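Text of the file entry.txt, holding compact mmCIF, C-alpha atoms:
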```
# COMPACT_ATOMS: atom_id res chain seq x y z
CA MET A 95 95.85 233.27 -103.59
CA LYS A 96 93.95 236.52 -104.04
CA LYS A 97 92.61 236.35 -100.48
CA PHE A 98 96.14 235.74 -99.16
CA ILE A 99 97.49 238.79 -101.01
CA GLU A 100 94.62 240.86 -99.62
CA SER A 101 95.46 239.66 -96.10
CA ILE A 102 99.11 240.65 -96.59
CA SER A 103 98.04 244.13 -97.74
CA ASN A 104 95.75 244.41 -94.70
CA VAL A 105 98.77 244.00 -92.43
CA TRP A 106 100.02 247.44 -93.48
CA LYS A 107 96.62 249.04 -92.86
CA ILE A 108 96.92 248.47 -89.11
CA GLU A 109 99.27 251.16 -87.82
CA GLU A 110 100.30 249.36 -84.62
CA LEU A 111 100.98 246.08 -86.42
CA LYS A 112 102.94 247.84 -89.17
CA ASN A 113 105.12 249.63 -86.59
CA ARG A 114 105.75 246.39 -84.71
CA ILE A 115 106.81 244.60 -87.88
CA LEU A 116 109.16 247.44 -88.87
CA ILE A 117 110.70 247.49 -85.37
CA THR A 118 111.19 243.73 -85.53
CA LEU A 119 112.85 243.90 -88.96
CA GLY A 120 115.07 246.77 -87.83
CA LEU A 121 116.32 245.00 -84.71
CA LEU A 122 116.89 241.76 -86.65
CA LEU A 123 118.94 243.77 -89.17
CA VAL A 124 121.08 245.12 -86.32
CA TYR A 125 121.67 241.57 -85.11
CA ARG A 126 122.64 240.36 -88.56
CA PHE A 127 124.98 243.33 -89.01
CA GLY A 128 126.73 242.53 -85.72
CA ALA A 129 127.25 238.93 -86.84
CA HIS A 130 129.70 240.23 -89.48
CA VAL A 131 131.75 242.45 -87.13
CA THR A 132 134.98 240.60 -86.29
CA LEU A 133 136.47 240.76 -82.81
CA PRO A 134 139.04 243.59 -82.50
CA GLY A 135 142.55 242.24 -82.76
CA ILE A 136 141.80 239.47 -85.28
CA ASP A 137 142.69 239.61 -88.96
CA ALA A 138 139.43 238.81 -90.76
CA THR A 139 141.34 237.44 -93.76
CA GLN A 140 142.88 234.65 -91.64
CA LEU A 141 139.66 232.89 -90.62
CA THR A 142 139.84 230.06 -93.17
CA GLY A 143 140.76 227.46 -90.54
CA LEU A 144 137.87 228.46 -88.31
CA ALA A 145 135.45 228.25 -91.23
CA GLY A 146 136.71 224.74 -92.01
CA GLN A 147 136.21 223.69 -88.39
CA THR A 148 132.53 224.63 -88.54
CA LYS A 149 131.66 222.54 -91.59
CA ASN A 150 130.86 219.41 -89.57
CA GLY A 151 130.07 218.31 -86.05
CA LEU A 152 129.22 220.57 -83.13
CA GLY A 153 130.84 223.54 -84.84
CA SER A 154 128.38 223.41 -87.72
CA ILE A 155 125.41 223.43 -85.30
CA LEU A 156 126.79 226.37 -83.33
CA ASP A 157 127.59 228.24 -86.51
CA MET A 158 124.06 227.64 -87.81
CA PHE A 159 122.39 228.90 -84.64
CA THR A 160 124.57 232.04 -84.65
CA GLY A 161 123.98 232.74 -88.33
CA GLY A 162 127.65 232.29 -89.26
CA ALA A 163 128.94 234.53 -86.43
CA PHE A 164 130.80 231.62 -84.81
CA SER A 165 132.93 230.97 -87.90
CA LYS A 166 133.55 234.72 -88.42
CA ALA A 167 134.94 235.27 -84.88
CA SER A 168 132.24 237.91 -84.55
CA VAL A 169 131.28 239.99 -81.54
CA PHE A 170 128.11 237.84 -81.61
CA ALA A 171 130.11 234.60 -81.92
CA LEU A 172 128.32 233.01 -78.94
CA GLY A 173 125.00 234.41 -80.11
CA ILE A 174 121.96 233.87 -77.94
CA MET A 175 122.87 230.28 -77.06
CA PRO A 176 124.15 231.08 -73.52
CA TYR A 177 120.73 232.57 -72.77
CA ILE A 178 119.02 229.42 -74.10
CA SER A 179 121.30 227.28 -71.92
CA ALA A 180 120.51 229.44 -68.88
CA SER A 181 116.78 229.23 -69.56
CA ILE A 182 116.95 225.42 -69.74
CA VAL A 183 118.96 225.23 -66.50
CA VAL A 184 116.52 227.51 -64.65
CA GLN A 185 113.56 225.53 -65.96
CA LEU A 186 115.03 222.22 -64.84
CA MET A 187 116.11 223.65 -61.47
CA GLY A 188 112.51 224.77 -60.97
CA ILE A 189 111.58 221.12 -60.50
CA ALA A 190 113.90 220.61 -57.52
CA ILE A 191 114.30 224.06 -55.92
CA PRO A 192 111.27 225.20 -53.87
CA TYR A 193 112.16 228.89 -54.24
CA LEU A 194 111.97 228.71 -58.05
CA GLN A 195 108.73 226.70 -57.79
CA LYS A 196 107.28 229.52 -55.66
CA LEU A 197 108.37 232.11 -58.22
CA GLN A 198 106.73 230.12 -61.02
CA ASN A 199 103.43 230.30 -59.12
CA ASP A 200 103.70 234.03 -58.28
CA GLY A 201 102.43 235.24 -61.64
CA GLU A 202 103.97 238.34 -63.27
CA SER A 203 106.20 239.29 -60.31
CA GLY A 204 107.61 235.77 -60.15
CA ARG A 205 108.20 235.71 -63.88
CA LYS A 206 110.22 238.95 -63.66
CA LYS A 207 112.42 237.51 -60.91
CA ILE A 208 112.96 234.31 -62.90
CA ASN A 209 113.94 236.39 -65.95
CA GLN A 210 116.44 238.31 -63.80
CA ILE A 211 117.95 235.05 -62.49
CA THR A 212 118.17 233.79 -66.09
CA ARG A 213 120.02 236.96 -67.16
CA TRP A 214 122.61 236.65 -64.41
CA LEU A 215 123.09 232.97 -65.17
CA THR A 216 123.52 233.88 -68.86
CA ILE A 217 126.41 236.17 -67.93
CA ALA A 218 128.00 233.43 -65.82
CA ILE A 219 127.72 230.89 -68.66
CA THR A 220 129.15 233.39 -71.15
CA LEU A 221 132.12 234.08 -68.84
CA VAL A 222 132.91 230.36 -69.08
CA GLN A 223 132.20 229.94 -72.80
CA GLY A 224 134.03 233.15 -73.79
CA PRO A 225 137.56 232.04 -72.75
CA THR A 226 136.82 228.59 -74.21
CA TYR A 227 136.00 230.18 -77.55
CA ILE A 228 139.18 232.30 -77.45
CA TYR A 229 141.23 229.19 -76.61
CA ASN A 230 139.69 227.51 -79.65
CA LEU A 231 140.80 230.48 -81.76
CA TYR A 232 144.36 230.05 -80.46
CA ARG A 233 144.29 226.38 -81.54
CA THR A 234 142.66 226.99 -84.93
CA LEU A 235 144.01 230.26 -86.34
CA PRO A 236 147.61 230.97 -87.35
CA SER A 237 149.65 233.18 -85.03
CA ASN A 238 149.71 236.08 -87.53
CA ALA A 239 145.91 236.28 -87.32
CA PHE A 240 146.22 237.92 -83.88
CA LEU A 241 147.14 241.56 -84.43
CA LEU A 242 147.92 242.18 -80.75
CA GLY A 243 150.18 239.15 -80.60
CA PHE A 244 149.60 235.44 -80.04
CA ASN A 245 148.33 234.62 -76.51
CA SER A 246 148.16 238.33 -75.70
CA PRO A 247 146.52 238.98 -72.27
CA GLU A 248 145.07 242.25 -73.61
CA PHE A 249 143.36 240.39 -76.47
CA LEU A 250 142.03 237.66 -74.17
CA PHE A 251 140.58 240.12 -71.64
CA SER A 252 139.05 242.49 -74.18
CA SER A 253 137.63 239.65 -76.31
CA VAL A 254 135.92 237.96 -73.36
CA ILE A 255 134.37 241.28 -72.33
CA ILE A 256 133.19 241.89 -75.90
CA LEU A 257 131.74 238.37 -76.21
CA VAL A 258 129.84 238.77 -72.93
CA THR A 259 128.61 242.20 -74.04
CA GLY A 260 127.59 240.79 -77.42
CA THR A 261 125.50 238.07 -75.80
CA ILE A 262 123.87 240.56 -73.42
CA PHE A 263 123.12 242.89 -76.33
CA ALA A 264 121.63 240.02 -78.36
CA MET A 265 119.52 239.08 -75.31
CA TRP A 266 118.37 242.72 -75.05
CA LEU A 267 117.47 242.76 -78.75
CA GLY A 268 115.39 239.62 -78.30
CA GLU A 269 113.52 241.06 -75.33
CA LYS A 270 112.86 244.34 -77.17
CA ILE A 271 111.46 242.43 -80.14
CA THR A 272 109.13 240.57 -77.79
CA ASP A 273 107.99 243.80 -76.09
CA LYS A 274 107.90 246.25 -78.99
CA GLY A 275 107.84 244.01 -82.05
CA ILE A 276 106.01 240.90 -83.18
CA GLY A 277 106.72 237.31 -82.19
CA ASN A 278 109.11 235.84 -79.63
CA GLY A 279 112.33 237.84 -79.96
CA ILE A 280 114.79 235.19 -78.77
CA SER A 281 113.28 232.57 -81.07
CA LEU A 282 113.31 235.00 -84.00
CA LEU A 283 117.02 235.70 -83.49
CA ILE A 284 117.74 231.97 -83.66
CA MET A 285 115.50 231.50 -86.70
CA VAL A 286 117.11 234.39 -88.57
CA GLY A 287 120.54 232.94 -87.83
CA ILE A 288 119.45 229.58 -89.25
CA LEU A 289 117.83 231.13 -92.32
CA ALA A 290 121.02 233.10 -93.02
CA ARG A 291 122.72 229.81 -93.91
CA LEU A 292 119.93 228.61 -96.19
CA PRO A 293 120.84 230.52 -99.41
CA GLN A 294 124.49 229.45 -99.29
CA ALA A 295 123.56 225.83 -98.60
CA PHE A 296 121.09 225.77 -101.50
CA ILE A 297 123.59 227.40 -103.89
CA GLN A 298 126.17 224.75 -103.01
CA GLU A 299 123.63 221.99 -103.63
CA PHE A 300 122.54 223.63 -106.90
CA THR A 301 126.16 223.90 -108.04
CA THR A 302 126.80 220.25 -107.20
CA ARG A 303 123.67 218.96 -108.95
CA VAL A 304 123.47 221.19 -112.00
CA THR A 305 126.83 222.82 -112.68
CA ASN A 306 128.89 219.74 -111.83
CA ASN A 307 126.24 217.46 -113.43
CA ASN A 308 125.89 215.31 -110.31
CA GLY A 309 122.30 214.12 -110.69
CA GLY A 310 121.02 217.01 -112.80
CA PRO A 311 118.18 219.48 -112.19
CA MET A 312 115.56 216.73 -111.94
CA LEU A 313 117.13 215.34 -108.76
CA LEU A 314 117.31 218.87 -107.37
CA VAL A 315 113.57 219.29 -107.99
CA ILE A 316 112.91 216.00 -106.19
CA GLU A 317 114.98 217.23 -103.24
CA ILE A 318 112.93 220.44 -103.05
CA ILE A 319 109.68 218.44 -103.13
CA VAL A 320 110.92 216.17 -100.33
CA TRP A 321 112.01 219.25 -98.36
CA LEU A 322 108.55 220.81 -98.70
CA LEU A 323 106.91 217.56 -97.60
CA VAL A 324 109.13 217.47 -94.51
CA ILE A 325 108.16 221.07 -93.71
CA ILE A 326 104.48 220.15 -93.99
CA SER A 327 105.10 217.20 -91.66
CA CYS A 328 106.76 219.52 -89.12
CA VAL A 329 103.77 221.87 -89.31
CA LEU A 330 101.40 218.97 -88.64
CA LEU A 331 103.58 217.79 -85.73
CA THR A 332 103.62 221.29 -84.23
CA MET A 333 99.89 221.97 -84.66
CA ALA A 334 98.47 218.51 -83.82
CA VAL A 335 96.41 218.35 -80.62
CA ARG A 336 94.21 215.78 -78.90
CA ARG A 337 91.04 217.48 -77.68
CA ILE A 338 89.66 216.20 -74.39
CA PRO A 339 85.97 217.19 -74.06
CA VAL A 340 85.00 219.05 -70.90
CA GLN A 341 81.60 219.95 -69.48
CA TYR A 342 80.77 222.54 -66.82
CA ALA A 343 78.03 222.47 -64.26
CA ARG A 344 77.75 226.22 -64.69
CA ARG A 345 78.82 228.69 -67.36
CA THR A 346 82.45 229.63 -66.78
CA THR A 347 85.33 230.95 -68.80
CA THR A 348 88.90 229.81 -68.19
CA GLY A 349 91.89 231.22 -69.99
CA ASP A 350 93.77 227.91 -70.11
CA TYR A 351 91.18 226.05 -72.17
CA GLU A 352 89.64 226.72 -75.54
CA GLN A 353 85.85 227.17 -75.77
CA ASP A 354 83.43 226.19 -78.50
CA LEU A 355 81.26 229.32 -78.61
CA ALA A 356 78.53 227.59 -80.61
CA GLY A 357 78.28 224.84 -78.01
CA GLY A 358 77.92 227.11 -74.98
CA ASN A 359 79.36 225.17 -72.03
CA ARG A 360 80.96 222.51 -74.21
CA GLN A 361 84.73 223.01 -74.04
CA TRP A 362 87.88 220.98 -74.42
CA ILE A 363 91.43 220.64 -73.17
CA PRO A 364 93.95 220.69 -76.07
CA LEU A 365 96.79 218.23 -75.38
CA LYS A 366 99.58 218.72 -77.91
CA LEU A 367 101.02 215.75 -79.75
CA ASN A 368 104.49 217.27 -79.32
CA ALA A 369 104.17 219.19 -76.05
CA SER A 370 107.95 219.24 -75.52
CA GLY A 371 108.72 221.09 -78.76
CA VAL A 372 112.36 221.08 -79.78
CA MET A 373 113.78 220.60 -76.26
CA PRO A 374 114.29 216.79 -76.49
CA ILE A 375 116.49 217.30 -79.56
CA ILE A 376 118.54 219.96 -77.76
CA PHE A 377 119.01 217.72 -74.71
CA ALA A 378 119.90 214.71 -76.84
CA GLN A 379 122.33 216.71 -78.95
CA ALA A 380 124.14 217.89 -75.82
CA ILE A 381 124.45 214.31 -74.56
CA MET A 382 125.72 213.02 -77.91
CA PHE A 383 129.05 214.85 -77.56
CA ILE A 384 129.88 213.23 -74.23
CA PRO A 385 130.83 209.71 -75.47
CA SER A 386 133.38 211.01 -77.98
CA ALA A 387 134.84 213.42 -75.40
CA VAL A 388 135.24 210.68 -72.79
CA ALA A 389 136.52 208.10 -75.29
CA GLY A 390 139.00 210.66 -76.62
CA LEU A 391 140.87 210.52 -73.30
CA SER A 392 142.07 207.01 -74.21
CA LYS A 393 144.20 206.00 -77.17
CA SER A 394 142.94 202.41 -77.46
CA ASP A 395 141.43 201.13 -80.69
CA THR A 396 138.00 200.72 -79.08
CA SER A 397 138.04 204.30 -77.81
CA GLN A 398 139.08 205.64 -81.20
CA SER A 399 136.29 203.70 -82.90
CA ILE A 400 133.79 205.22 -80.45
CA VAL A 401 135.18 208.68 -81.18
CA GLY A 402 134.79 208.05 -84.90
CA ALA A 403 131.23 206.74 -84.57
CA PHE A 404 130.01 209.61 -82.38
CA SER A 405 131.83 212.29 -84.35
CA ASN A 406 129.99 211.47 -87.58
CA MET A 407 126.61 213.20 -87.33
CA PHE A 408 125.42 211.35 -90.42
CA GLY A 409 126.54 207.87 -89.34
CA PHE A 410 124.23 205.00 -88.34
CA TRP A 411 125.21 204.55 -84.68
CA TYR A 412 125.21 208.28 -83.98
CA ASN A 413 121.67 208.65 -85.29
CA PHE A 414 120.43 205.43 -83.68
CA VAL A 415 121.52 206.57 -80.23
CA PHE A 416 120.38 210.12 -81.04
CA ALA A 417 116.85 208.94 -81.93
CA THR A 418 116.66 206.77 -78.81
CA LEU A 419 117.64 209.68 -76.57
CA ILE A 420 115.06 211.93 -78.23
CA ILE A 421 112.27 209.44 -77.49
CA VAL A 422 113.39 209.16 -73.85
CA PHE A 423 113.75 212.91 -73.36
CA THR A 424 110.39 213.56 -75.01
CA PHE A 425 108.64 211.53 -72.32
CA PHE A 426 110.80 213.11 -69.61
CA TYR A 427 110.28 216.73 -70.69
CA THR A 428 106.56 216.23 -71.31
CA ALA A 429 106.16 214.76 -67.83
CA ILE A 430 107.74 217.80 -66.16
CA THR A 431 106.12 220.49 -68.32
CA VAL A 432 102.52 219.24 -68.67
CA PRO A 433 100.95 219.58 -65.18
CA THR A 434 98.12 217.06 -65.37
CA ASN A 435 97.56 217.34 -61.59
CA LYS A 436 97.16 221.11 -61.82
CA MET A 437 94.87 220.80 -64.83
CA ALA A 438 92.65 218.36 -62.90
CA ASP A 439 92.58 220.67 -59.87
CA ASP A 440 91.70 223.69 -62.03
CA LEU A 441 88.85 221.76 -63.61
CA LYS A 442 87.51 220.70 -60.23
CA ARG A 443 87.64 224.23 -58.80
CA SER A 444 85.84 225.71 -61.80
CA GLY A 445 83.09 223.08 -61.74
CA GLY A 446 84.29 221.27 -64.85
CA PHE A 447 84.61 217.57 -65.48
CA ILE A 448 85.48 215.15 -68.27
CA PRO A 449 82.41 213.09 -69.24
CA GLY A 450 82.65 209.61 -67.75
CA VAL A 451 85.63 210.52 -65.50
CA ARG A 452 85.37 211.53 -61.85
CA PRO A 453 86.91 214.89 -60.86
CA GLY A 454 90.16 214.93 -58.92
CA ALA A 455 92.70 212.09 -58.92
CA GLU A 456 90.81 210.04 -61.51
CA THR A 457 90.82 212.99 -63.92
CA SER A 458 94.55 213.51 -63.35
CA ASP A 459 95.25 209.83 -64.06
CA PHE A 460 93.10 209.97 -67.19
CA LEU A 461 94.90 213.05 -68.53
CA ASP A 462 98.27 211.49 -67.73
CA LYS A 463 97.31 208.29 -69.55
CA VAL A 464 96.11 210.16 -72.64
CA MET A 465 99.25 212.32 -72.59
CA SER A 466 101.43 209.20 -72.51
CA LEU A 467 99.51 207.59 -75.38
CA ILE A 468 99.85 210.61 -77.68
CA THR A 469 103.44 211.34 -76.62
CA PHE A 470 104.69 207.98 -77.91
CA PRO A 471 103.81 208.54 -81.62
CA GLY A 472 104.83 212.18 -81.20
CA SER A 473 108.26 211.14 -79.94
CA LEU A 474 108.71 208.67 -82.81
CA PHE A 475 107.78 211.36 -85.33
CA LEU A 476 110.12 213.86 -83.65
CA ALA A 477 112.98 211.35 -83.68
CA LEU A 478 112.35 210.61 -87.37
CA ILE A 479 112.51 214.30 -88.26
CA ALA A 480 115.66 214.71 -86.17
CA VAL A 481 117.56 211.97 -88.02
CA PHE A 482 116.09 212.73 -91.44
CA PRO A 483 119.15 214.79 -92.53
CA ALA A 484 121.26 211.63 -92.20
CA ILE A 485 118.66 209.71 -94.22
CA VAL A 486 118.71 212.13 -97.15
CA VAL A 487 122.53 212.20 -97.10
CA SER A 488 122.64 208.40 -97.24
CA ILE A 489 119.89 207.88 -99.83
CA MET A 490 120.07 211.00 -102.04
CA ASP A 491 123.73 212.01 -101.53
CA VAL A 492 122.69 215.52 -100.49
CA GLN A 493 125.35 218.05 -99.43
CA GLN A 494 125.62 218.05 -95.63
CA SER A 495 125.04 221.80 -95.31
CA TRP A 496 121.80 221.52 -97.34
CA ALA A 497 120.77 218.31 -95.54
CA MET A 498 120.69 220.14 -92.20
CA PHE A 499 117.53 221.92 -93.40
CA PHE A 500 115.71 218.62 -93.98
CA GLY A 501 115.06 218.11 -90.29
CA GLY A 502 116.63 218.30 -86.88
CA THR A 503 116.61 221.26 -84.54
CA SER A 504 116.89 223.87 -87.27
CA LEU A 505 113.76 222.91 -89.21
CA ILE A 506 111.57 222.44 -86.13
CA ILE A 507 112.69 225.81 -84.76
CA MET A 508 111.95 227.55 -88.07
CA VAL A 509 108.51 225.98 -88.36
CA GLY A 510 107.59 226.61 -84.72
CA VAL A 511 108.71 230.25 -84.75
CA ALA A 512 107.02 230.92 -88.10
CA ILE A 513 103.72 229.47 -86.85
CA ASP A 514 103.89 231.47 -83.61
CA THR A 515 104.65 234.73 -85.45
CA ILE A 516 101.88 234.18 -88.01
CA GLN A 517 99.41 233.45 -85.22
CA GLN A 518 100.27 236.75 -83.54
CA ILE A 519 99.85 238.66 -86.80
CA ASN A 520 96.62 236.75 -87.36
CA SER A 521 95.25 237.88 -83.99
CA TYR A 522 95.91 241.54 -84.86
CA LEU A 523 94.07 241.15 -88.15
CA LEU A 524 91.08 239.42 -86.57
CA ASN A 525 90.86 242.01 -83.78
CA LYS A 526 90.59 244.73 -86.41
CA HIS A 527 87.93 242.70 -88.29
CA TYR A 528 90.18 241.71 -91.17
CA ASP A 529 90.61 238.19 -92.54
CA GLY A 530 93.49 236.39 -90.91
CA LEU A 531 96.51 234.94 -92.69
CA MET A 532 95.57 231.40 -91.66
CA LYS A 533 91.94 231.37 -92.72
CA THR A 534 90.20 232.71 -95.81
CA GLY A 535 86.91 234.52 -95.74
CA LYS A 536 85.13 237.71 -96.63
CA ASN A 537 87.06 240.90 -95.95
CA ARG A 538 85.39 243.28 -93.53
CA LYS A 539 85.89 246.94 -92.90
CA ALA A 540 88.30 247.79 -90.11
CA VAL A 541 87.01 249.09 -86.83
CA ALA A 542 88.68 252.31 -85.75
```
As structure tokens, what does this structure read like?
Amino acid sequence: MKKFIESISNVWKIEELKNRILITLGLLLVYRFGAHVTLPGIDATQLTGLAGQTKNGLGSILDMFTGGAFSKASVFALGIMPYISASIVVQLMGIAIPYLQKLQNDGESGRKKINQITRWLTIAITLVQGPTYIYNLYRTLPSNAFLLGFNSPEFLFSSVIILVTGTIFAMWLGEKITDKGIGNGISLLIMVGILARLPQAFIQEFTTRVTNNNGGPMLLVIEIIVWLLVIISCVLLTMAVRRIPVQYARRTTTGDYEQDLAGGNRQWIPLKLNASGVMPIIFAQAIMFIPSAVAGLSKSDTSQSIVGAFSNMFGFWYNFVFATLIIVFTFFYTAITVPTNKMADDLKRSGGFIPGVRPGAETSDFLDKVMSLITFPGSLFLALIAVFPAIVVSIMDVQQSWAMFFGGTSLIIMVGVAIDTIQQINSYLLNKHYDGLMKTGKNRKAVA
């Protein structure tokens, strides 16, 4: 513990790192402040119906990712999610469109063009989602909540412009955090929005368990222990890698592969257990709202039962189909994002080879086989974490708002972003000859 405290104090001894952390905190504060600024023309005291709509279902997920801005009819009501949607679309289109494939291989210049395409697509998506959000306000809020009049064209036009501007500003904040701060800015904005709901969710659970005497403090302690164990499991899932040993005919250094300095030319390829990250959950979650939407077009008993089953995020059939989709999408996303052919070609060009495996096509097949073998348990583990909120609700009768932090997209995002940010801070400390946050050791004097 003493070494950890010393490492935290060392963070503030590095001027550049200290400034980056302060810039990051300042920009995150601006984002959180904007989440509480209501759209002009809406009475902030009349948002009770909108808050009730976001307690369950898709609304609760959107409200969590925007840090409560969705339920507050804020200028940041759409948050950074249109940018995430645009990024996913561009990434998937890169598989089929040769122009985007060329840009992906053009290095820094290609990356800048892809970022520009993503920004323009973000604006297009927001122009579609903005009027949809305003239409939802018309359906949810009472007519006296609109100060400019119900269905006012002036309110619709100005609100859509403000929502688009809010998303662009949030995207700009995320990019500035990445450039001038510490960590991935877009991911930090999402994580901060999720964490903003954590205190309220825990207070509600505490009130239910202790104040209302529903289980008592002992059950609350058990819940916290289970929650910590799930977090540890997410950390292990995020950090787990399968190391493929590599040997080189000559001494080379490649940026894509880690090197064992003590072993000279002995290196390895780190294949992640969960190479797809949180993307399979996001894809599966988007698909899960289609059956209820399609079934809702019919008034038959079968259709209504389907709507009921797929509208309950904590029901059995919803989570069974959800878990199955996650496993399928994990294999799909891993296959398109882990270029085993390119890895094999890079090894061959640099004079490297996997012991006992011939360079070229045989190496590619070997890497693909290993990737498939480790992806299967990784997908099962990811699916289990995704449906774990429903498990704790069913077994421990946990409040749904608090159960959302026991797994799913929110927990994996928080763990992944926290690990990435700590690793960046750790690299600053090690470069200045301080002990890192993730490894204890003897403190050394900083190098000017």
Practice task
Record the distance separating CA of Thr132 in chain A and CA of Ala171 in chain A, expressed in Å with one decimal.
Solution key: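 Between CA of Thr132 in chain A and CA of Ala171 in chain A the gap works out to 8.9 Å.
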Exercise for the section: For CA of Leu467 in chain A and CA of Leu330 in chain A, determine how far apart the two atoms are, in Å to one decimal place. Expected result: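 CA of Leu330 in chain A lies at a distance of 17.6 Å from CA of Leu467 in chain A.
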Handout entry: Counting all atoms listed in the file, the option among A:Phe170, A:Phe408, A:Phe249, A:Phe159 closest to Leu505 in chain A
Key =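 Nearest to Leu505 in chain A: A:Phe159.
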Exercise for the section: Have a look at CA of Asn113 in chain A and CA of Ile271 in chain A and let me know their distance in Å, one decimal. Expected result: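 Atom-to-atom, CA of Asn113 in chain A to CA of Ile271 in chain A, that is 11.6 Å.
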Handout entry: Selection as a ChimeraX atom specification: residues within 12 Å of (125.7, 210.8, -83.6), counting all atoms listed in the file
Key = /A:150-152,375,378-386,400-420,480-481,483-484
Practice task
Please tell me which residues are no farther than 10 Å from (127.2, 235.4, -77.6) in the file, counting only C-alpha atoms, and write them as a PyMOL selection string.
Solution key: chain A and resi 129+160+163-164+168-177+216-217+220+223-224+256-265
Practice task
Would you mind telling me which residue in A:Gly161, A:Gly120, A:Gly135, A:Pro453 lies nearest to Pro293 in chain A when using all atoms listed in the file?
Solution key: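 Ranked by minimum distance to Pro293 in chain A, first place goes to A:Gly161.
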Problem - Among listed residues A:Phe475, A:Tyr342, A:Phe240, A:Phe500, nearest Gly371 in chain A (using all atoms listed in the file) - result: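 When distances to Gly371 in chain A are compared using all atoms listed in the file, the smallest one comes from A:Phe475.
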Exercise for the section: Have a look at A:Thr302, A:Asn368, A:Ser179, A:Ser252 and name the one nearest to Val492 in chain A; count all atoms listed in the file. Expected result: A:Thr302
Problem - Spatial neighbours of Ile326 in chain A, max dist 12 Å, only C-alpha atoms, sep filter under 4 positions, as a ChimeraX atom specification - result: /A:319-322,330-334,479,500-501,505-506,509-510,513
Handout entry: Option closest in space to Phe300 in chain A, from A:Ile318, A:Val432, A:Cys328, A:Ile284 [counting all atoms listed in the file]
Key =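 Result for the nearest residue to Phe300 in chain A: A:Ile318.
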Handout entry: Residue with smallest distance to Phe251 in chain A - pool A:Thr396, A:Thr305, A:Gly268, A:Leu133, counting only C-alpha atoms
Key = A:Leu133
Practice task
Would you mind listing what lies within 12 Å of Ile297 in chain A as a list of chain:residue names, with only C-alpha atoms counted and same-chain residues fewer than 4 positions away left out?
Solution key: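 Here the answer would be A:Arg291, A:Leu292, A:Pro293, A:Thr301, A:Thr302, A:Arg303, A:Val304, A:Thr305, A:Leu314, A:Gln493, A:Ser495, A:Trp496.
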